[in-house]
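> Quick one: the structure is below, and I'll ask about it shortly.
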Amino acid sequence: MTDIEGIIRRVVREELERVVAPDAESQPLLRAGDPADRRSAGSALGDEILAQLARRRQTQAWLAAETGMPIATLSRRLRDPAAFRLGEIAAVARALGVDLRDLVSV
């Protein structure tokens, strides 16, 4: 596992722990891996990537070229951000010039 993958896993785990109810007697708001959890976390990631593109006045085509991802794949990932692979998220963060932790902890 690379350093970036470790950071992503840690940040995601911390965010999931933050979302889950703190005491064991209460039911968690969301269980890790629930489809609703994936959608909400993924949606925030996709929204942040699109916001970063808008701030830079860049297009999805530009981001695809910068990351080496086919435009169709990038577009699909932005519609379903939970499908992003770790390396793809890292490439997006590098292309946008943002810290990986800031991008995934939105």
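To be explicit about the labels: the chains of the structure tokens are called A, B, and onward in the order shown, and within each one the residues are counted from 1, while ligands get numbers from 1 in the order they are shown.
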Can you pull out the residues contacting segment 90-104 of chain A? Cut-off 9 Å, using only C-alpha atoms, and skip same-chain residues under 6 positions away; I want them as a list of chain:residue names.
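The residues satisfying every condition are A:Ile4, A:Glu5, A:Ile7, A:Ile8, A:Val11, A:Val12, A:Ala41, A:Ala44, A:Leu45, A:Glu48, A:Ile49, A:Gln52, A:Leu53, A:Arg56, A:Leu63, A:Ala64, A:Glu66, A:Thr67, A:Gly68.
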> Compare A:Trp62, A:Gly46, A:Ala51, A:Ser105 by their minimum atom-to-atom distance to Phe84 of chain A, counting only C-alpha atoms, and give me the closest one.
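For Phe84 of chain A, the nearest of the given residues is A:Gly46.
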> To one decimal in Å, tell me the separation between atom CA of Ala72 of chain A and atom CA of Arg55 of chain A.
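Between atom CA of Ala72 of chain A and atom CA of Arg55 of chain A the gap works out to 22.0 Å.
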> Atom CA of Pro81 of chain A and atom CA of Gln60 of chain A are how many Å apart?
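Value for the atom CA of Pro81 of chain A-atom CA of Gln60 of chain A distance: 13.9 Å.
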> Which value, in Å to one decimal, gives the distance between atom CA of Arg85 of chain A and atom CA of Ala61 of chain A?
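About the pair atom CA of Arg85 of chain A and atom CA of Ala61 of chain A: they are 18.7 Å apart.
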> Identify which of the residues A:Gly6, A:Ser43, A:Met69, A:Ser75 lies closest to Glu88 of chain A, counting only C-alpha atoms when measuring atom-to-atom distances.
A:Met69
